[in-house]
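This is structure24.cif. It holds mmCIF, C-alpha atoms and all ligand atoms.
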```
data_coords
loop_
_atom_site.group_PDB
_atom_site.id
_atom_site.type_symbol
_atom_site.label_atom_id
_atom_site.label_comp_id
_atom_site.auth_asym_id
_atom_site.auth_seq_id
_atom_site.Cartn_x
_atom_site.Cartn_y
_atom_site.Cartn_z
ATOM 1 C CA MET A 1 -23.389 -13.343 26.006
ATOM 2 C CA ALA A 2 -21.263 -15.097 23.415
ATOM 3 C CA ASP A 3 -18.337 -17.187 24.544
ATOM 4 C CA VAL A 4 -15.422 -15.533 22.814
ATOM 5 C CA LYS A 5 -12.593 -17.984 22.323
ATOM 6 C CA GLY A 6 -10.249 -15.708 20.481
ATOM 7 C CA VAL A 7 -9.925 -13.058 17.886
ATOM 8 C CA SER A 8 -9.746 -13.678 14.189
ATOM 9 C CA MET A 9 -7.978 -11.220 11.964
ATOM 10 C CA ILE A 10 -8.381 -10.456 8.293
ATOM 11 C CA ARG A 11 -5.897 -7.991 6.936
ATOM 12 C CA LEU A 12 -6.420 -6.452 3.528
ATOM 13 C CA THR A 13 -4.155 -4.147 1.609
ATOM 14 C CA TYR A 14 -5.809 -2.312 -1.243
ATOM 15 C CA ARG A 15 -4.355 -1.201 -4.507
ATOM 16 C CA PRO A 16 -0.915 0.011 -3.475
ATOM 17 C CA HIS A 17 -0.086 2.799 -5.877
ATOM 18 C CA ALA A 18 2.765 5.232 -6.272
ATOM 19 C CA HIS A 19 2.822 8.278 -8.487
ATOM 20 C CA CYS A 20 5.345 10.982 -9.113
ATOM 21 C CA ILE A 21 4.372 14.602 -8.627
ATOM 22 C CA GLY A 22 7.453 15.682 -10.544
ATOM 23 C CA SER A 23 9.431 18.736 -9.636
ATOM 24 C CA SER A 24 8.785 22.432 -10.083
ATOM 25 C CA ALA A 25 11.624 22.511 -12.605
ATOM 26 C CA ASP A 26 10.334 19.863 -14.995
ATOM 27 C CA GLY A 27 6.783 19.006 -14.059
ATOM 28 C CA GLY A 28 4.841 16.496 -16.057
ATOM 29 C CA CYS A 29 6.724 13.371 -15.018
ATOM 30 C CA THR A 30 4.361 10.449 -15.514
ATOM 31 C CA TRP A 31 6.206 7.822 -13.469
ATOM 32 C CA GLU A 32 3.900 5.561 -11.517
ATOM 33 C CA ARG A 33 3.709 2.032 -10.185
ATOM 34 C CA HIS A 34 0.783 -0.160 -9.250
ATOM 35 C CA ALA A 35 1.095 -3.253 -7.119
ATOM 36 C CA THR A 36 0.118 -6.480 -8.860
ATOM 37 C CA VAL A 37 0.205 -10.154 -8.032
ATOM 38 C CA THR A 38 3.953 -10.139 -8.590
ATOM 39 C CA VAL A 39 4.720 -6.548 -7.531
ATOM 40 C CA THR A 40 4.235 -6.171 -3.784
ATOM 41 C CA ALA A 41 3.594 -3.009 -1.810
ATOM 42 C CA ALA A 42 7.174 -3.250 -0.569
ATOM 43 C CA THR A 43 8.394 -3.269 -4.158
ATOM 44 C CA VAL A 44 6.280 -0.220 -4.955
ATOM 45 C CA ARG A 45 7.849 1.628 -2.004
ATOM 46 C CA SER A 46 11.329 0.542 -3.015
ATOM 47 C CA GLU A 47 10.890 1.640 -6.625
ATOM 48 C CA ALA A 48 9.428 4.955 -5.481
ATOM 49 C CA GLN A 49 12.544 5.619 -3.402
ATOM 50 C CA GLN A 50 14.766 4.689 -6.321
ATOM 51 C CA HIS A 51 12.872 7.110 -8.555
ATOM 52 C CA VAL A 52 13.373 9.904 -6.017
ATOM 53 C CA LYS A 53 17.092 9.171 -5.800
ATOM 54 C CA ALA A 54 17.469 8.988 -9.566
ATOM 55 C CA THR A 55 15.469 12.093 -10.469
ATOM 56 C CA GLY A 56 15.121 14.292 -7.391
ATOM 57 C CA HIS A 57 11.344 14.183 -7.864
ATOM 58 C CA SER A 58 8.785 13.730 -5.098
ATOM 59 C CA VAL A 59 6.673 10.583 -5.133
ATOM 60 C CA PHE A 60 3.452 9.829 -3.278
ATOM 61 C CA VAL A 61 2.767 6.251 -2.232
ATOM 62 C CA ASP A 62 -0.846 5.440 -1.347
ATOM 63 C CA ILE A 63 -1.518 2.168 0.410
ATOM 64 C CA ILE A 64 -4.786 1.538 2.201
ATOM 65 C CA ASP A 65 -4.309 -1.023 4.954
ATOM 66 C CA ARG A 66 -7.436 -2.365 6.636
ATOM 67 C CA THR A 67 -7.505 -4.905 9.462
ATOM 68 C CA ASP A 68 -10.753 -6.596 10.491
ATOM 69 C CA TYR A 69 -10.750 -8.086 14.001
ATOM 70 C CA ALA A 70 -13.697 -10.303 14.782
ATOM 71 C CA PRO A 71 -14.578 -12.500 17.772
ATOM 72 C CA GLU A 72 -14.231 -16.240 17.460
ATOM 73 C CA VAL A 73 -17.205 -17.650 19.321
ATOM 74 C CA THR A 74 -18.194 -21.155 20.290
ATOM 75 C CA PRO A 75 -20.991 -22.416 18.066
HETATM 76 ZN ZN ZN B 101 9.303 11.603 -11.598
#
```
Output the file's structure in the form of structure tokens.
Ligand SMILES: [Zn+2]
Amino acid sequence: MADVKGVSMIRLTYRPHAHCIGSSADGGCTWERHATVTVTAATVRSEAQQHVKATGHSVFVDIIDRTDYAPEVTP
């Protein structure tokens, strides 16, 4: 049995993306945001909320968050 010294963690967040689904009154809104190197997932969420406040539209924010826990073993 391996001698587990600890647990390593790799956390990945994939392609945070927000898109507006518009409103029943004026569908067809094309607002959307993608996270980039300079635009974080937090920024995407913040801008989505601002868009909702400004327009009364509904916005979906999709962020896939994966965490990989692995044993750290003695060589
Ligand atoms: Zn919109």
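Residues matching the PyMOL selection byres (((chain A and resi 48) around 9) and not hetatm) in this structure come to Ala18, His19, Cys20, Glu32, Arg33, Thr43, Val44, Arg45, Ser46, Glu47, Gln49, Gln50, His51, Val52, Lys53, Ser58, Val59, Phe60 and Val61 of chain A.
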Store the residues of this selection in a file with C-alpha atoms, as a PDB file, in the frame of the given file.
```
ATOM      1  CA  ALA A  18       2.765   5.232  -6.272  1.00  0.00           C
ATOM      2  CA  HIS A  19       2.822   8.278  -8.487  1.00  0.00           C
ATOM      3  CA  CYS A  20       5.345  10.982  -9.113  1.00  0.00           C
ATOM      4  CA  GLU A  32       3.900   5.561 -11.517  1.00  0.00           C
ATOM      5  CA  ARG A  33       3.709   2.032 -10.185  1.00  0.00           C
ATOM      6  CA  THR A  43       8.394  -3.269  -4.158  1.00  0.00           C
ATOM      7  CA  VAL A  44       6.280  -0.220  -4.955  1.00  0.00           C
ATOM      8  CA  ARG A  45       7.849   1.628  -2.004  1.00  0.00           C
ATOM      9  CA  SER A  46      11.329   0.542  -3.015  1.00  0.00           C
ATOM     10  CA  GLU A  47      10.890   1.640  -6.625  1.00  0.00           C
ATOM     11  CA  GLN A  49      12.544   5.619  -3.402  1.00  0.00           C
ATOM     12  CA  GLN A  50      14.766   4.689  -6.321  1.00  0.00           C
ATOM     13  CA  HIS A  51      12.872   7.110  -8.555  1.00  0.00           C
ATOM     14  CA  VAL A  52      13.373   9.904  -6.017  1.00  0.00           C
ATOM     15  CA  LYS A  53      17.092   9.171  -5.800  1.00  0.00           C
ATOM     16  CA  SER A  58       8.785  13.730  -5.098  1.00  0.00           C
ATOM     17  CA  VAL A  59       6.673  10.583  -5.133  1.00  0.00           C
ATOM     18  CA  PHE A  60       3.452   9.829  -3.278  1.00  0.00           C
ATOM     19  CA  VAL A  61       2.767   6.251  -2.232  1.00  0.00           C
TER      20      VAL A  61
END
```
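Taking CA of Tyr69 in chain A and CA of His17 in chain A as the two end points, the separation is 25.0 Å.
Pocket residues of ligand ZN 101 (chain B), taken as those with any atom at most 7 Å away using only C-alpha atoms and all ligand atoms, are Cys20, Ile21, Gly22, Cys29, Thr30, Trp31, His51, Thr55, His57 and Ser58 of chain A.
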Enclose the full set of atoms of range 14-22 of chain A listed in the file within a box whose edges lie along x, y and z, apply 5 Å of padding to each of the six sides, and report centre and edge lengths in Å to one decimal as lines of an AutoDock Vina configuration file.
```
center_x = 0.8
center_y = 6.7
center_z = -5.9
size_x = 23.3
size_y = 28.0
size_z = 19.3
```
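The space separating CA of Thr74 in chain A from CA of Val7 in chain A comes to 11.8 Å.
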